[in-house]
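Beneath this line is the structure, given in structure tokens, with notes to follow.
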Amino acid sequence: MNPITNSHNHHDKLSRFLFDNHEVRGEVVNLSDTYQKILDNHNYPLAVQKLLGELLVATSLLTATLKFEGDITVQLQGDGPLNLAVINGNNHQQMRGVARVKSEIADNTSLKEMMGNGYIVITITPKSGERYQGIVALEADTVAGCIENYFQQSEQLATRLLIKVGVYQHKPVAAGILLQVLPAHEGNDESFELLTTLAQTIKEEELFALPVEEILYRLYHQEDVRLFDGQSVEFKCTCSRIRCEDTLSTLPASEIDTILAEDSNIDMHCDYCGNHYIFDKIDIENLRKNKPQEAFH
């Protein structure tokens, strides 16, 4: 592999690669705008911002590894001051995320201190086939460690994640590398350990600043590495006025009328992107005309 120094913009991109001489595959992802948009409209404590960055990287890498069409949700739940952190994504690498903070969280708070007794829940909803959910206790000290445990327990696949979150060119950035033995792998763990040890030599600023070609050259210039075309990653919220209308149509008419009488409108707020969908009395009357009557009970 030859180094490429004049690559185009490498942010918000996921790239897959394969070692020709080892039964190991890998991915590199670098997220900036996607990460920023998840933080927009929220005043999260610094430790929560960092955690969401780590979870975003992990979800992106996980989605690419699983090779399915559909949606994925990776969430951390616990009884600590942060009781929920969740990233939703799909096979198109469209991501959104939110966190729910119950009480004050200091900048240097660890994952275990934030979440308390908790677990990671990975839910995969394919377009065709059955929904799958995996649950792993939060026993590791990092998101990366929790995902590695998930793969070890559910897939029995040796997996290593390297995740870095910080600031590059005055913008928040979250990046990571995933290495995983191929499902048909039949031994030689030494080569996997060597490749993961080399991956850990990457500096944070290199992971943030360099295009994937250069990262792979710096780490694995003595290996035969096949790099595949990159996939763009973006923030995309699935909320819409139509979805809000569908939700309203499931509520009792008396409940809707009470809210309208008290507030003159219904304000439906999306936690993910900050959008507000406002419905006044006329909107509700039109909705009742257009929706099946049995919807409003």
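Residues are referred to by chain and number: the chain letter is A, B, ... according to the order shown in the structure tokens, the number counts from 1 in that chain, and ligands are numbered separately from 1 in the order shown.
Every protein, DNA or RNA residue with an atom at most 8 Å from region 18-27 of chain A, where only C-alpha atoms count and chain neighbours fewer than 4 positions away do not, is listed here: Leu14, Leu61, Ile177, Leu178, Leu179, Gln180, Val181, Leu182, His185, Ser191, Phe192, Glu223, Asp224, Val225, Arg226 and Leu227 of chain A.
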Margin query: Could you pull out the strand (DSSP E or B) residues of region 17-104 of chain A, going by DSSP on the backbone, and write them as a PyMOL selection string?
Written below: chain A and resi 17-19+24-31+70-78+82-90+94-101
Residues at most 7 Å from Phe279 (chain A), counting only C-alpha atoms, excluding those fewer than 5 positions away in the same chain, as a PDB file with N, CA, C and O atoms, in the first residue's frame?
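Once written, part_33.pdb looks like this:
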ATOM      1  N   ASN A 265     -52.573  24.879  22.467  1.00  0.00           N
ATOM      2  CA  ASN A 265     -51.981  24.049  21.408  1.00  0.00           C
ATOM      3  C   ASN A 265     -51.240  22.875  22.038  1.00  0.00           C
ATOM      4  O   ASN A 265     -51.035  22.828  23.250  1.00  0.00           O
ATOM      5  N   ILE A 266     -50.850  21.947  21.197  1.00  0.00           N
ATOM      6  CA  ILE A 266     -50.048  20.794  21.626  1.00  0.00           C
ATOM      7  C   ILE A 266     -48.667  20.919  20.998  1.00  0.00           C
ATOM      8  O   ILE A 266     -48.541  21.010  19.776  1.00  0.00           O
ATOM      9  N   ASP A 267     -47.650  20.965  21.838  1.00  0.00           N
ATOM     10  CA  ASP A 267     -46.266  21.113  21.376  1.00  0.00           C
ATOM     11  C   ASP A 267     -45.561  19.762  21.536  1.00  0.00           C
ATOM     12  O   ASP A 267     -45.307  19.317  22.642  1.00  0.00           O
ATOM     13  N   ILE A 284     -56.078  19.930  14.977  1.00  0.00           N
ATOM     14  CA  ILE A 284     -56.667  18.715  15.551  1.00  0.00           C
ATOM     15  C   ILE A 284     -57.997  18.392  14.869  1.00  0.00           C
ATOM     16  O   ILE A 284     -58.299  17.222  14.570  1.00  0.00           O
TER      17      ILE A 284
END
Next item on the list: Name the residues of region 116-239 of chain A that come out as helix (DSSP H, G or I) in a backbone DSSP run; write them as a VMD selection string.
Entry: chain A and resid 143 to 154 189 to 199 204 to 209 212 to 220
Based on the selection just made, write N, CA, C and O atoms of those residues as a compact mmCIF listing (two decimals), in the first residue's frame.
# COMPACT_ATOMS: atom_id res chain seq x y z
N VAL A 143 -16.88 2.18 26.73
CA VAL A 143 -17.84 1.73 25.71
C VAL A 143 -17.19 0.68 24.82
O VAL A 143 -17.79 -0.34 24.49
N ALA A 144 -15.94 0.94 24.42
CA ALA A 144 -15.22 -0.01 23.56
C ALA A 144 -15.15 -1.39 24.21
O ALA A 144 -15.41 -2.41 23.57
N GLY A 145 -14.83 -1.42 25.49
CA GLY A 145 -14.74 -2.68 26.21
C GLY A 145 -16.08 -3.40 26.28
O GLY A 145 -16.14 -4.63 26.17
N CYS A 146 -17.15 -2.63 26.45
CA CYS A 146 -18.50 -3.22 26.50
C CYS A 146 -18.87 -3.87 25.17
O CYS A 146 -19.46 -4.95 25.13
N ILE A 147 -18.53 -3.19 24.06
CA ILE A 147 -18.82 -3.74 22.73
C ILE A 147 -17.99 -4.99 22.47
O ILE A 147 -18.47 -5.98 21.91
N GLU A 148 -16.72 -4.96 22.90
CA GLU A 148 -15.87 -6.15 22.76
C GLU A 148 -16.48 -7.33 23.52
O GLU A 148 -16.50 -8.46 23.03
N ASN A 149 -16.98 -7.07 24.72
CA ASN A 149 -17.63 -8.12 25.51
C ASN A 149 -18.87 -8.66 24.81
O ASN A 149 -19.15 -9.87 24.83
N TYR A 150 -19.61 -7.74 24.18
CA TYR A 150 -20.82 -8.14 23.45
C TYR A 150 -20.46 -9.14 22.34
O TYR A 150 -21.10 -10.18 22.19
N PHE A 151 -19.43 -8.81 21.56
CA PHE A 151 -19.04 -9.71 20.47
C PHE A 151 -18.54 -11.05 21.00
O PHE A 151 -18.80 -12.10 20.42
N GLN A 152 -17.83 -10.99 22.11
CA GLN A 152 -17.30 -12.23 22.68
C GLN A 152 -18.42 -13.13 23.17
O GLN A 152 -18.38 -14.36 22.99
N GLN A 153 -19.46 -12.51 23.75
CA GLN A 153 -20.56 -13.30 24.31
C GLN A 153 -21.56 -13.76 23.26
O GLN A 153 -22.04 -14.88 23.29
N SER A 154 -21.89 -12.87 22.31
CA SER A 154 -22.96 -13.19 21.37
C SER A 154 -22.47 -13.82 20.08
O SER A 154 -23.15 -14.64 19.48
N ASP A 189 -4.14 -16.72 16.70
CA ASP A 189 -4.49 -15.51 17.44
C ASP A 189 -3.31 -14.54 17.53
O ASP A 189 -3.51 -13.36 17.81
N GLU A 190 -2.11 -15.05 17.31
CA GLU A 190 -0.94 -14.18 17.39
C GLU A 190 -0.99 -13.06 16.36
O GLU A 190 -0.63 -11.93 16.64
N SER A 191 -1.42 -13.38 15.15
CA SER A 191 -1.49 -12.35 14.11
C SER A 191 -2.52 -11.28 14.48
O SER A 191 -2.31 -10.10 14.26
N PHE A 192 -3.65 -11.72 15.06
CA PHE A 192 -4.67 -10.76 15.49
C PHE A 192 -4.13 -9.85 16.59
O PHE A 192 -4.33 -8.64 16.57
N GLU A 193 -3.41 -10.44 17.54
CA GLU A 193 -2.83 -9.65 18.63
C GLU A 193 -1.80 -8.65 18.09
O GLU A 193 -1.72 -7.52 18.55
N LEU A 194 -1.02 -9.08 17.10
CA LEU A 194 -0.04 -8.19 16.49
C LEU A 194 -0.72 -7.00 15.82
O LEU A 194 -0.32 -5.84 16.02
N LEU A 195 -1.76 -7.28 15.05
CA LEU A 195 -2.47 -6.22 14.33
C LEU A 195 -3.13 -5.24 15.30
O LEU A 195 -3.15 -4.03 15.07
N THR A 196 -3.69 -5.76 16.40
CA THR A 196 -4.33 -4.87 17.38
C THR A 196 -3.28 -4.06 18.15
O THR A 196 -3.51 -2.89 18.48
N THR A 197 -2.15 -4.67 18.43
CA THR A 197 -1.06 -3.94 19.10
C THR A 197 -0.57 -2.79 18.23
O THR A 197 -0.33 -1.67 18.73
N LEU A 198 -0.44 -3.02 16.94
CA LEU A 198 -0.03 -1.96 16.01
C LEU A 198 -1.08 -0.85 15.96
O LEU A 198 -0.74 0.34 15.92
N ALA A 199 -2.36 -1.23 15.97
CA ALA A 199 -3.44 -0.23 15.92
C ALA A 199 -3.37 0.72 17.11
O ALA A 199 -3.65 1.92 17.00
N GLU A 204 -3.85 10.12 18.86
CA GLU A 204 -5.17 10.72 18.75
C GLU A 204 -5.24 11.72 17.60
O GLU A 204 -6.16 11.69 16.78
N GLU A 205 -4.23 12.60 17.51
CA GLU A 205 -4.27 13.63 16.45
C GLU A 205 -4.16 13.02 15.06
O GLU A 205 -4.70 13.55 14.08
N GLU A 206 -3.48 11.87 14.94
CA GLU A 206 -3.39 11.18 13.65
C GLU A 206 -4.75 10.61 13.24
O GLU A 206 -5.17 10.72 12.09
N LEU A 207 -5.42 10.02 14.21
CA LEU A 207 -6.74 9.44 13.93
C LEU A 207 -7.75 10.51 13.53
O LEU A 207 -8.62 10.29 12.69
N PHE A 208 -7.62 11.70 14.15
CA PHE A 208 -8.53 12.81 13.83
C PHE A 208 -8.21 13.46 12.49
O PHE A 208 -9.09 13.85 11.75
N ALA A 209 -6.91 13.60 12.19
CA ALA A 209 -6.49 14.47 11.09
C ALA A 209 -6.20 13.76 9.78
O ALA A 209 -6.33 14.37 8.71
N VAL A 212 -7.87 7.92 5.76
CA VAL A 212 -7.76 6.51 6.13
C VAL A 212 -6.58 5.84 5.43
O VAL A 212 -5.90 4.98 6.02
N GLU A 213 -6.28 6.24 4.19
CA GLU A 213 -5.16 5.63 3.47
C GLU A 213 -3.85 5.84 4.23
O GLU A 213 -3.02 4.93 4.34
N GLU A 214 -3.69 7.04 4.77
CA GLU A 214 -2.45 7.34 5.48
C GLU A 214 -2.40 6.65 6.85
O GLU A 214 -1.34 6.20 7.29
N ILE A 215 -3.55 6.56 7.50
CA ILE A 215 -3.60 5.85 8.78
C ILE A 215 -3.18 4.39 8.58
O ILE A 215 -2.34 3.86 9.32
N LEU A 216 -3.75 3.75 7.57
CA LEU A 216 -3.43 2.35 7.33
C LEU A 216 -1.97 2.17 6.90
O LEU A 216 -1.34 1.17 7.27
N TYR A 217 -1.44 3.12 6.16
CA TYR A 217 -0.04 3.02 5.76
C TYR A 217 0.87 3.13 6.98
O TYR A 217 1.84 2.37 7.12
N ARG A 218 0.55 4.08 7.86
CA ARG A 218 1.39 4.26 9.06
C ARG A 218 1.36 3.03 9.96
O ARG A 218 2.36 2.67 10.57
N LEU A 219 0.20 2.41 10.05
CA LEU A 219 0.06 1.25 10.95
C LEU A 219 0.53 -0.05 10.31
O LEU A 219 1.14 -0.89 10.96
N TYR A 220 0.22 -0.22 9.03
CA TYR A 220 0.36 -1.55 8.41
C TYR A 220 1.10 -1.52 7.07
O TYR A 220 0.74 -2.24 6.14
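Taking CA of Glu69 (chain A) as the reference point, CA of Cys270 (chain A) is found at 25.0 Å.
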I'd like the contact shell of Ser264 (chain A) - 8 Å cut-off, only C-alpha atoms, skipping same-chain residues fewer than 3 positions apart - returned as a PDB file with N, CA and C atoms, in the first residue's frame.
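The file below, out01.pdb, is the result:
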ATOM      1  N   ILE A 259     -55.651  19.178  26.975  1.00  0.00           N
ATOM      2  CA  ILE A 259     -54.392  19.901  26.704  1.00  0.00           C
ATOM      3  C   ILE A 259     -54.678  21.185  25.923  1.00  0.00           C
ATOM      4  N   LEU A 260     -55.555  21.103  24.915  1.00  0.00           N
ATOM      5  CA  LEU A 260     -55.891  22.285  24.112  1.00  0.00           C
ATOM      6  C   LEU A 260     -56.566  23.355  24.963  1.00  0.00           C
ATOM      7  N   ALA A 261     -57.419  22.928  25.882  1.00  0.00           N
ATOM      8  CA  ALA A 261     -58.121  23.888  26.742  1.00  0.00           C
ATOM      9  C   ALA A 261     -57.149  24.605  27.670  1.00  0.00           C
ATOM     10  N   ASP A 280     -52.604  23.188  16.795  1.00  0.00           N
ATOM     11  CA  ASP A 280     -53.644  23.969  17.471  1.00  0.00           C
ATOM     12  C   ASP A 280     -55.001  23.294  17.263  1.00  0.00           C
ATOM     13  N   LYS A 281     -56.070  23.976  17.705  1.00  0.00           N
ATOM     14  CA  LYS A 281     -57.403  23.373  17.662  1.00  0.00           C
ATOM     15  C   LYS A 281     -57.830  23.037  16.232  1.00  0.00           C
TER      16      LYS A 281
END
Notebook entry, point to check: Of the residues A:Leu248, A:Val48, A:Met115, A:Val167, which is the one nearest to Asp141 (chain A), using only C-alpha atoms?
Noted result: A:Met115
